[in-house]
$ cat input_30.cif   # mmCIF, C-alpha atoms and all ligand atoms
data_upload
#
loop_
_atom_site.label_atom_id
_atom_site.label_comp_id
_atom_site.auth_asym_id
_atom_site.auth_seq_id
_atom_site.Cartn_x
_atom_site.Cartn_y
_atom_site.Cartn_z
CA VAL A 239 95.55 119.35 64.96
CA ASP A 240 97.31 122.67 65.65
CA PRO A 241 100.98 122.45 66.68
CA PRO A 242 101.52 123.13 70.40
CA LYS A 243 102.45 126.62 71.47
CA TRP A 244 105.45 126.55 73.79
CA ILE A 245 105.87 129.22 76.43
CA ALA A 246 108.68 129.97 78.88
CA TRP A 247 108.13 128.29 82.25
CA SER A 248 108.35 131.47 84.26
CA ASP A 249 106.64 129.90 87.30
CA TYR A 250 109.70 127.79 88.13
CA ARG A 251 111.72 129.03 91.10
CA GLU A 252 115.02 127.40 91.96
CA LEU A 253 115.66 127.42 95.70
CA PRO A 254 118.95 127.22 97.59
CA GLU A 255 119.57 123.61 98.58
CA PRO A 256 119.30 124.20 102.37
CA GLU A 257 115.90 125.73 101.79
CA MET A 258 114.86 122.78 99.61
CA ARG A 259 115.81 120.36 102.38
CA ALA A 260 114.00 122.40 105.02
CA ARG A 261 110.87 122.61 102.88
CA ALA A 262 110.83 118.89 102.10
CA ALA A 263 111.21 118.04 105.80
CA ALA A 264 108.60 120.58 106.88
CA PHE A 265 106.12 119.31 104.30
CA TYR A 266 106.61 115.74 105.46
CA ALA A 267 106.08 116.82 109.07
CA GLU A 268 102.87 118.54 108.02
CA MET A 269 101.59 115.62 105.95
CA ARG A 270 102.30 112.99 108.55
CA ARG A 271 99.73 114.72 110.79
CA ARG A 272 96.97 113.94 108.24
CA ARG A 273 94.48 111.28 109.27
CA SER A 274 91.19 110.04 107.94
CA ILE A 275 88.42 111.26 110.23
CA ARG A 276 85.04 109.53 110.53
CA ARG A 277 83.31 111.90 112.97
CA PHE A 278 82.77 115.43 111.81
CA ALA A 279 81.48 118.63 113.41
CA ASP A 280 78.45 120.13 111.69
CA ARG A 281 80.12 123.57 111.70
CA PRO A 282 79.97 125.31 108.33
CA VAL A 283 83.10 125.70 106.23
CA PRO A 284 83.58 128.75 103.98
CA SER A 285 82.86 127.74 100.40
CA GLU A 286 85.88 129.72 99.12
CA LEU A 287 88.10 127.32 101.06
CA ILE A 288 86.59 124.32 99.30
CA GLU A 289 86.76 126.09 95.94
CA ASP A 290 90.48 126.81 96.32
CA CYS A 291 91.15 123.20 97.36
CA LEU A 292 89.25 122.03 94.27
CA ARG A 293 91.29 124.46 92.15
CA THR A 294 94.39 122.74 93.53
CA ALA A 295 92.92 119.35 92.56
CA GLY A 296 92.44 120.74 89.07
CA THR A 297 96.18 121.44 88.76
CA ALA A 298 96.94 117.69 88.84
CA PRO A 299 98.71 116.13 85.89
CA SER A 300 96.55 113.90 83.71
CA GLY A 301 97.02 111.48 80.82
CA ALA A 302 97.22 113.54 77.58
CA ASN A 303 95.99 116.50 79.68
CA CYS A 304 92.42 115.16 79.46
CA GLN A 305 91.64 116.32 83.04
CA PRO A 306 89.04 113.54 83.22
CA TRP A 307 87.62 114.46 86.62
CA ARG A 308 84.28 115.78 87.77
CA PHE A 309 83.81 116.89 91.38
CA VAL A 310 80.20 117.28 92.51
CA VAL A 311 79.98 119.36 95.67
CA VAL A 312 77.03 118.50 97.90
CA THR A 313 75.91 120.63 100.87
CA ASP A 314 72.10 120.31 100.71
CA PRO A 315 70.97 118.37 103.81
CA ALA A 316 68.23 116.58 101.86
CA VAL A 317 70.69 115.35 99.23
CA LYS A 318 73.19 114.35 101.90
CA ARG A 319 70.44 112.37 103.62
CA ARG A 320 69.59 110.55 100.38
CA ILE A 321 73.26 109.72 99.86
CA ARG A 322 73.52 108.43 103.43
CA TRP A 323 70.45 106.20 103.10
CA ALA A 324 71.63 104.77 99.77
CA ALA A 325 75.17 104.28 101.09
CA GLU A 326 74.00 102.55 104.27
CA ALA A 327 71.82 100.19 102.21
CA VAL A 328 74.81 99.05 100.13
CA GLU A 329 77.00 98.97 103.24
CA ARG A 330 74.61 96.53 104.94
CA GLN A 331 74.81 94.27 101.87
CA PHE A 332 78.58 94.70 101.81
CA TYR A 333 79.10 93.73 105.44
CA GLU A 334 76.58 90.87 105.35
CA LYS A 335 77.22 89.33 101.91
CA LEU A 336 79.88 90.87 99.66
CA ALA A 337 82.91 91.55 101.81
CA GLY A 338 83.96 88.08 102.93
CA ARG A 339 86.00 87.21 105.99
CA GLU A 340 89.38 88.42 104.69
CA TRP A 341 88.12 91.90 103.78
CA LEU A 342 86.20 92.24 107.04
CA ASP A 343 89.35 91.23 108.94
CA ALA A 344 91.30 93.97 107.12
CA LEU A 345 88.64 96.52 108.12
CA ALA A 346 88.34 95.34 111.74
CA PRO A 347 91.15 97.56 113.11
CA LEU A 348 89.35 100.62 111.73
CA GLY A 349 86.15 99.80 113.61
CA THR A 350 83.97 100.81 110.66
CA THR A 351 80.32 99.69 110.53
CA PRO A 352 77.47 100.02 107.99
CA GLN A 353 76.35 103.23 109.75
CA LYS A 354 77.68 106.36 108.06
CA PRO A 355 76.37 109.36 110.03
CA PHE A 356 79.26 111.50 108.75
CA LEU A 357 77.48 111.63 105.38
CA GLU A 358 74.93 113.92 107.02
CA THR A 359 77.03 115.65 109.66
CA ALA A 360 79.95 116.79 107.52
CA PRO A 361 79.22 120.10 105.79
CA TYR A 362 80.69 118.98 102.46
CA LEU A 363 80.46 115.78 100.47
CA ILE A 364 82.58 115.98 97.34
CA ALA A 365 81.54 113.18 94.99
CA VAL A 366 84.31 112.31 92.56
CA PHE A 367 83.52 110.96 89.11
CA ALA A 368 85.86 109.78 86.37
CA GLU A 369 84.92 110.94 82.89
CA ARG A 370 85.54 108.00 80.62
CA GLN A 371 85.20 110.31 77.61
CA GLY A 372 85.06 114.03 76.94
CA THR A 373 83.93 116.30 74.13
CA GLY A 374 86.36 117.40 71.41
CA PRO A 375 86.45 120.89 69.87
CA ASP A 376 84.17 119.51 67.11
CA GLY A 377 81.56 118.52 69.73
CA ARG A 378 82.16 114.81 69.13
CA PRO A 379 83.04 112.38 71.96
CA ARG A 380 86.77 112.29 72.63
CA LYS A 381 88.55 109.39 74.27
CA HIS A 382 90.22 109.95 77.63
CA TYR A 383 93.48 108.24 78.60
CA TYR A 384 94.68 106.92 81.97
CA VAL A 385 91.43 108.02 83.52
CA THR A 386 91.65 106.17 86.84
CA GLU A 387 95.26 107.14 87.43
CA SER A 388 94.58 110.80 86.63
CA VAL A 389 91.52 111.07 88.85
CA ALA A 390 93.32 109.34 91.71
CA ILE A 391 96.17 111.86 91.47
CA ALA A 392 93.68 114.76 91.46
CA VAL A 393 92.02 113.35 94.57
CA GLY A 394 95.47 113.12 96.16
CA PHE A 395 95.99 116.80 95.43
CA LEU A 396 92.56 117.55 96.91
CA LEU A 397 93.29 115.63 100.12
CA VAL A 398 96.62 117.42 100.53
CA ALA A 399 94.97 120.81 99.88
CA LEU A 400 92.19 120.17 102.40
CA HIS A 401 94.67 119.10 105.06
CA HIS A 402 96.93 122.06 104.28
CA ALA A 403 93.94 124.40 104.67
CA GLY A 404 93.20 122.97 108.12
CA LEU A 405 90.26 120.70 107.30
CA ALA A 406 89.76 117.01 108.00
CA ALA A 407 88.69 114.54 105.33
CA LEU A 408 87.67 110.96 104.69
CA THR A 409 88.04 109.08 101.43
CA TYR A 410 84.83 107.09 101.34
CA THR A 411 84.15 104.30 98.83
CA PRO A 412 80.81 102.49 99.25
CA ARG A 413 80.42 99.47 96.94
CA PRO A 414 78.64 99.35 94.55
CA MET A 415 78.49 103.11 94.02
CA GLY A 416 75.99 103.38 91.15
CA PHE A 417 73.51 105.20 93.41
CA LEU A 418 75.77 108.26 93.42
CA GLY A 419 75.35 108.96 89.70
CA GLU A 420 71.59 108.47 90.03
CA ILE A 421 71.14 110.79 93.02
CA LEU A 422 73.43 113.44 91.53
CA ASP A 423 72.02 113.03 88.03
CA ARG A 424 75.35 112.37 86.31
CA PRO A 425 75.63 111.16 82.70
CA ALA A 426 76.39 107.49 82.01
CA HIS A 427 80.00 108.11 80.89
CA GLU A 428 80.87 109.45 84.37
CA HIS A 429 81.99 106.66 86.65
CA PRO A 430 81.66 107.25 90.42
CA MET A 431 85.02 106.79 92.14
CA MET A 432 84.62 107.98 95.74
CA ILE A 433 83.19 110.56 98.09
CA VAL A 434 85.60 112.93 99.78
CA VAL A 435 83.87 113.88 103.03
CA THR A 436 85.25 117.07 104.53
CA GLY A 437 84.76 119.60 107.29
CA TYR A 438 86.08 120.15 110.81
CA PRO A 439 86.62 117.05 112.95
CA ALA A 440 84.16 116.48 115.80
CA GLU A 441 85.66 117.54 119.12
CA ASP A 442 85.52 113.94 120.31
CA ALA A 443 86.84 112.47 117.05
CA THR A 444 89.22 109.56 117.53
CA VAL A 445 91.43 107.80 115.01
CA PRO A 446 92.59 104.19 115.02
CA GLU A 447 96.22 103.83 115.99
CA LEU A 448 98.07 102.67 112.92
CA ALA A 449 101.60 102.05 111.85
CA ARG A 450 103.03 103.44 108.65
CA LYS A 451 105.62 101.47 106.73
CA ARG A 452 109.16 102.73 107.13
CA LEU A 453 110.86 104.15 104.04
CA GLU A 454 113.05 101.07 103.61
CA ASP A 455 109.94 98.87 103.68
CA PHE A 456 108.30 100.52 100.69
CA VAL A 457 111.12 102.09 98.70
CA THR A 458 113.81 100.29 96.76
CA PHE A 459 116.74 102.44 95.71
CA PHE A 460 117.91 100.75 92.51
CA PHE A 461 121.38 102.10 91.84
C1 LIG B 501 90.87 104.45 97.95
C2 LIG B 501 90.49 104.53 99.40
C3 LIG B 501 89.26 104.07 99.80
C4 LIG B 501 88.88 104.19 101.14
N1 LIG B 501 87.62 103.81 101.51
C5 LIG B 501 87.21 104.01 102.77
C6 LIG B 501 85.87 103.72 103.14
O1 LIG B 501 85.05 103.33 102.31
N2 LIG B 501 85.50 103.91 104.44
C7 LIG B 501 86.38 104.38 105.38
O2 LIG B 501 85.98 104.52 106.54
N3 LIG B 501 87.66 104.67 105.07
C8 LIG B 501 88.09 104.51 103.78
N4 LIG B 501 89.37 104.85 103.41
C9 LIG B 501 90.29 105.42 104.43
C10 LIG B 501 91.34 104.40 104.84
O3 LIG B 501 90.79 103.43 105.70
C11 LIG B 501 92.49 105.15 105.55
O4 LIG B 501 93.09 106.02 104.62
C12 LIG B 501 93.56 104.20 106.08
O5 LIG B 501 93.03 103.40 107.09
C13 LIG B 501 94.79 104.96 106.59
O6 LIG B 501 94.40 105.86 107.60
P1 LIG B 501 94.73 107.40 107.49
O7 LIG B 501 94.05 107.93 106.26
O8 LIG B 501 94.24 108.01 108.75
O9 LIG B 501 96.22 107.53 107.31
C14 LIG B 501 89.77 104.75 102.10
C15 LIG B 501 91.02 105.20 101.67
C16 LIG B 501 91.38 105.12 100.34
C17 LIG B 501 92.69 105.69 99.89
#
$ encode --input "input_30.cif" --output "structure tokens"
Amino acid sequence: VDPPKWIAWSDYRELPEPEMRARAAAFYAEMRRRRSIRRFADRPVPSELIEDCLRTAGTAPSGANCQPWRFVVVTDPAVKRRIRWAAEAVERQFYEKLAGREWLDALAPLGTTPQKPFLETAPYLIAVFAERQGTGPDGRPRKHYYVTESVAIAVGFLLVALHHAGLAALTYTPRPMGFLGEILDRPAHEHPMMIVVTGYPAEDATVPELARKRLEDFVTFFF
């Protein structure tokens, strides 16, 4: 293994403290406007916008820098329809058999049902897969570390980037999700994690009213 090459971190910019405070507050104000949307407009979205948001996702930190993510971007109406059909089939099973009372109670405030029309209406479905292994420089399989954590962080970056760009998104997780790898022809070592549905919100989109925990309810300052 070659020793690492260290370079000066010239991208770092120290800011005056008042500016840091203002930026942190402004970013929070921006992020607290983000909501998951379940009704999308069928208006097209420029592909460059999605590409830049995916580039942002690709800047996420990852265990041992494995970057174990694969984003499959779907816009073809026929493929979206297949994904919707497959998803609605597992959703019916989920609601009728798998979920159980407690899970259904947790979902009740969201008003979700087995019908997922957004999978066809939204211009972009971004299927997210976790690569359990990669390929080393010698072409042999290489183990990946902290795969789930890394992919989840990359999806977080993606959601922030989409919101920042002015798009709406939904993190969608049908269970079981094996159909996604089949429809999108992914190799067996790629594990489907979720579908990030994105586009413009429908004009009549509504969101469930929900309360966010206050800082003191989810942060412990251990001094
Ligand atoms: C890992 C994860 C899985 C989710 N799965 C679904 C899903 O399958 N269907 C859905 O309608 N919403 C799903 N959501 C969206 C959540 O319901 C939503 O984020 C939550 O209710 C908070 O609402 P907000 O995103 O508007 O703040 C998921 C969110 C996350 C983070």
$ residues_near_point --input "input_30.cif" --point "(82.4, 114.9, 94.3)" --cutoff "9 Å" --atoms "only C-alpha atoms" --output "short mmCIF file (atom, residue, chain, number, x, y, z; two decimals) with C-alpha atoms, keeping the file's coordinate frame"
data_model
loop_
_atom_site.label_atom_id
_atom_site.label_comp_id
_atom_site.auth_asym_id
_atom_site.auth_seq_id
_atom_site.Cartn_x
_atom_site.Cartn_y
_atom_site.Cartn_z
CA ARG A 308 84.28 115.78 87.77
CA PHE A 309 83.81 116.89 91.38
CA VAL A 310 80.20 117.28 92.51
CA VAL A 311 79.98 119.36 95.67
CA VAL A 312 77.03 118.50 97.90
CA LEU A 363 80.46 115.78 100.47
CA ILE A 364 82.58 115.98 97.34
CA ALA A 365 81.54 113.18 94.99
CA VAL A 366 84.31 112.31 92.56
CA PHE A 367 83.52 110.96 89.11
CA PRO A 430 81.66 107.25 90.42
CA MET A 431 85.02 106.79 92.14
CA MET A 432 84.62 107.98 95.74
CA ILE A 433 83.19 110.56 98.09
CA VAL A 434 85.60 112.93 99.78
CA VAL A 435 83.87 113.88 103.03
#
$ closest_atom_pairs --input "input_30.cif" --of "chain A" --to "ligand LIG 501 (chain B)" --cutoff "7 Å" --atoms "all atoms listed in the file" --output "Markdown table"
| residue | atom | partner | partner_atom | distance |
| --- | --- | --- | --- | --- |
| A:Arg272 | CA | B:LIG501 | O9 | 6.5 |
| A:Arg273 | CA | B:LIG501 | O8 | 3.3 |
| A:Ser274 | CA | B:LIG501 | O8 | 3.8 |
| A:Ile275 | CA | B:LIG501 | O8 | 6.8 |
| A:Arg276 | CA | B:LIG501 | O2 | 6.5 |
| A:Leu348 | CA | B:LIG501 | O5 | 6.5 |
| A:Thr350 | CA | B:LIG501 | O2 | 5.9 |
| A:Leu408 | CA | B:LIG501 | C9 | 6.1 |
| A:Thr409 | CA | B:LIG501 | C14 | 4.7 |
| A:Tyr410 | CA | B:LIG501 | O1 | 3.9 |
| A:Thr411 | CA | B:LIG501 | O1 | 3.7 |
| A:Pro412 | CA | B:LIG501 | O1 | 5.3 |
| A:Val445 | CA | B:LIG501 | O8 | 6.9 |
$ residues_around --input "input_30.cif" --residues "Ile321 in chain A" --least-positions-apart "3" --cutoff "10 Å" --atoms "all atoms listed in the file" --output "tab-separated table (two decimals) with C-alpha atoms, in the coordinates of the input"
chain	number	residue	atom	x	y	z
A	312	VAL	CA	77.03	118.50	97.90
A	315	PRO	CA	70.97	118.37	103.81
A	316	ALA	CA	68.23	116.58	101.86
A	317	VAL	CA	70.69	115.35	99.23
A	318	LYS	CA	73.19	114.35	101.90
A	324	ALA	CA	71.63	104.77	99.77
A	325	ALA	CA	75.17	104.28	101.09
A	326	GLU	CA	74.00	102.55	104.27
A	327	ALA	CA	71.82	100.19	102.21
A	354	LYS	CA	77.68	106.36	108.06
A	357	LEU	CA	77.48	111.63	105.38
A	358	GLU	CA	74.93	113.92	107.02
A	363	LEU	CA	80.46	115.78	100.47
A	417	PHE	CA	73.51	105.20	93.41
A	418	LEU	CA	75.77	108.26	93.42
A	421	ILE	CA	71.14	110.79	93.02
A	422	LEU	CA	73.43	113.44	91.53
$ closest_residue --input "input_30.cif" --among "A:Asp423, A:Pro379, A:Asp240, A:Tyr362" --to "Pro282 in chain A" --atoms "all atoms listed in the file"
A:Tyr362
$ atom_distance --input "input_30.cif" --atom1 "CA of Ala260 in chain A" --atom2 "CA of His401 in chain A"
19.6 Å
$ axis_aligned_box --input "input_30.cif" --around "range 373-376 of chain A" --padding-each-side "8 Å" --output "lines of an AutoDock Vina configuration file"
center_x = 85.2
center_y = 118.6
center_z = 70.6
size_x = 18.5
size_y = 20.6
size_z = 23.0
$ atom_distance --input "input_30.cif" --atom1 "CA of Arg330 in chain A" --atom2 "CA of Ala360 in chain A"
21.1 Å
$ atom_distance --input "input_30.cif" --atom1 "CA of His402 in chain A" --atom2 "CA of Tyr438 in chain A"
12.8 Å
$ closest_residue --input "input_30.cif" --among "A:Pro414, A:Gly301, A:Pro284, A:Pro439" --to "Glu329 in chain A" --atoms "all atoms listed in the file"
A:Pro414
$ closest_residue --input "input_30.cif" --among "A:Ala399, A:Glu252, A:Ser388, A:Arg261" --to "Leu292 in chain A" --atoms "all atoms listed in the file"
A:Ala399
$ closest_residue --input "input_30.cif" --among "A:Cys291, A:Met415, A:Leu405, A:Ala449" --to "Val393 in chain A" --atoms "all atoms listed in the file"
A:Cys291
$ closest_residue --input "input_30.cif" --among "A:Val283, A:Leu345, A:Met269, A:Val385" --to "Val398 in chain A" --atoms "all atoms listed in the file"
A:Met269
$ decode --input "input_30.cif" --residues "range 278-303 of chain A" --atoms "N, CA and C atoms" --output "PDB file, in the first residue's frame"
ATOM      1  N   PHE A 278     -46.487  15.090  -6.130  1.00  0.00           N
ATOM      2  CA  PHE A 278     -45.547  15.839  -6.961  1.00  0.00           C
ATOM      3  C   PHE A 278     -46.219  16.344  -8.233  1.00  0.00           C
ATOM      4  N   ALA A 279     -45.691  17.443  -8.773  1.00  0.00           N
ATOM      5  CA  ALA A 279     -46.082  17.904 -10.108  1.00  0.00           C
ATOM      6  C   ALA A 279     -45.320  17.049 -11.119  1.00  0.00           C
ATOM      7  N   ASP A 280     -45.891  16.918 -12.312  1.00  0.00           N
ATOM      8  CA  ASP A 280     -45.159  16.129 -13.324  1.00  0.00           C
ATOM      9  C   ASP A 280     -44.257  17.024 -14.179  1.00  0.00           C
ATOM     10  N   ARG A 281     -44.056  18.269 -13.729  1.00  0.00           N
ATOM     11  CA  ARG A 281     -43.168  19.180 -14.469  1.00  0.00           C
ATOM     12  C   ARG A 281     -41.750  18.635 -14.524  1.00  0.00           C
ATOM     13  N   PRO A 282     -41.088  18.808 -15.668  1.00  0.00           N
ATOM     14  CA  PRO A 282     -39.706  18.309 -15.754  1.00  0.00           C
ATOM     15  C   PRO A 282     -38.750  19.149 -14.909  1.00  0.00           C
ATOM     16  N   VAL A 283     -37.676  18.544 -14.519  1.00  0.00           N
ATOM     17  CA  VAL A 283     -36.629  19.208 -13.729  1.00  0.00           C
ATOM     18  C   VAL A 283     -35.342  19.090 -14.543  1.00  0.00           C
ATOM     19  N   PRO A 284     -34.581  20.191 -14.670  1.00  0.00           N
ATOM     20  CA  PRO A 284     -33.338  20.100 -15.456  1.00  0.00           C
ATOM     21  C   PRO A 284     -32.398  19.039 -14.886  1.00  0.00           C
ATOM     22  N   SER A 285     -31.848  18.216 -15.760  1.00  0.00           N
ATOM     23  CA  SER A 285     -31.013  17.116 -15.263  1.00  0.00           C
ATOM     24  C   SER A 285     -29.733  17.630 -14.604  1.00  0.00           C
ATOM     25  N   GLU A 286     -29.260  18.828 -15.034  1.00  0.00           N
ATOM     26  CA  GLU A 286     -28.028  19.367 -14.417  1.00  0.00           C
ATOM     27  C   GLU A 286     -28.230  19.613 -12.921  1.00  0.00           C
ATOM     28  N   LEU A 287     -29.471  19.983 -12.579  1.00  0.00           N
ATOM     29  CA  LEU A 287     -29.793  20.254 -11.171  1.00  0.00           C
ATOM     30  C   LEU A 287     -29.620  18.970 -10.356  1.00  0.00           C
ATOM     31  N   ILE A 288     -30.164  17.890 -10.890  1.00  0.00           N
ATOM     32  CA  ILE A 288     -30.084  16.601 -10.193  1.00  0.00           C
ATOM     33  C   ILE A 288     -28.631  16.140 -10.138  1.00  0.00           C
ATOM     34  N   GLU A 289     -27.900  16.364 -11.239  1.00  0.00           N
ATOM     35  CA  GLU A 289     -26.498  15.937 -11.254  1.00  0.00           C
ATOM     36  C   GLU A 289     -25.685  16.667 -10.190  1.00  0.00           C
ATOM     37  N   ASP A 290     -25.905  17.992 -10.061  1.00  0.00           N
ATOM     38  CA  ASP A 290     -25.149  18.727  -9.048  1.00  0.00           C
ATOM     39  C   ASP A 290     -25.523  18.265  -7.637  1.00  0.00           C
ATOM     40  N   CYS A 291     -26.809  17.986  -7.423  1.00  0.00           N
ATOM     41  CA  CYS A 291     -27.222  17.501  -6.095  1.00  0.00           C
ATOM     42  C   CYS A 291     -26.572  16.144  -5.808  1.00  0.00           C
ATOM     43  N   LEU A 292     -26.461  15.302  -6.833  1.00  0.00           N
ATOM     44  CA  LEU A 292     -25.804  14.004  -6.647  1.00  0.00           C
ATOM     45  C   LEU A 292     -24.306  14.192  -6.411  1.00  0.00           C
ATOM     46  N   ARG A 293     -23.722  15.201  -7.082  1.00  0.00           N
ATOM     47  CA  ARG A 293     -22.298  15.490  -6.814  1.00  0.00           C
ATOM     48  C   ARG A 293     -22.122  15.854  -5.344  1.00  0.00           C
ATOM     49  N   THR A 294     -23.070  16.636  -4.813  1.00  0.00           N
ATOM     50  CA  THR A 294     -22.999  17.002  -3.394  1.00  0.00           C
ATOM     51  C   THR A 294     -23.077  15.744  -2.535  1.00  0.00           C
ATOM     52  N   ALA A 295     -23.994  14.822  -2.885  1.00  0.00           N
ATOM     53  CA  ALA A 295     -24.095  13.562  -2.123  1.00  0.00           C
ATOM     54  C   ALA A 295     -22.751  12.838  -2.131  1.00  0.00           C
ATOM     55  N   GLY A 296     -22.073  12.905  -3.255  1.00  0.00           N
ATOM     56  CA  GLY A 296     -20.788  12.218  -3.399  1.00  0.00           C
ATOM     57  C   GLY A 296     -19.658  12.857  -2.622  1.00  0.00           C
ATOM     58  N   THR A 297     -19.893  14.029  -2.006  1.00  0.00           N
ATOM     59  CA  THR A 297     -18.858  14.635  -1.158  1.00  0.00           C
ATOM     60  C   THR A 297     -18.974  14.160   0.284  1.00  0.00           C
ATOM     61  N   ALA A 298     -19.938  13.296   0.576  1.00  0.00           N
ATOM     62  CA  ALA A 298     -20.153  12.851   1.962  1.00  0.00           C
ATOM     63  C   ALA A 298     -18.931  12.085   2.475  1.00  0.00           C
ATOM     64  N   PRO A 299     -18.711  12.157   3.778  1.00  0.00           N
ATOM     65  CA  PRO A 299     -17.647  11.319   4.347  1.00  0.00           C
ATOM     66  C   PRO A 299     -18.088   9.857   4.311  1.00  0.00           C
ATOM     67  N   SER A 300     -17.141   8.944   4.309  1.00  0.00           N
ATOM     68  CA  SER A 300     -17.520   7.524   4.328  1.00  0.00           C
ATOM     69  C   SER A 300     -16.438   6.716   5.026  1.00  0.00           C
ATOM     70  N   GLY A 301     -16.849   5.607   5.637  1.00  0.00           N
ATOM     71  CA  GLY A 301     -15.904   4.749   6.353  1.00  0.00           C
ATOM     72  C   GLY A 301     -14.752   4.357   5.438  1.00  0.00           C
ATOM     73  N   ALA A 302     -13.516   4.647   5.869  1.00  0.00           N
ATOM     74  CA  ALA A 302     -12.291   4.344   5.104  1.00  0.00           C
ATOM     75  C   ALA A 302     -12.352   4.881   3.671  1.00  0.00           C
ATOM     76  N   ASN A 303     -13.130   5.935   3.487  1.00  0.00           N
ATOM     77  CA  ASN A 303     -13.315   6.577   2.166  1.00  0.00           C
ATOM     78  C   ASN A 303     -13.739   5.571   1.080  1.00  0.00           C
TER      79      ASN A 303
END
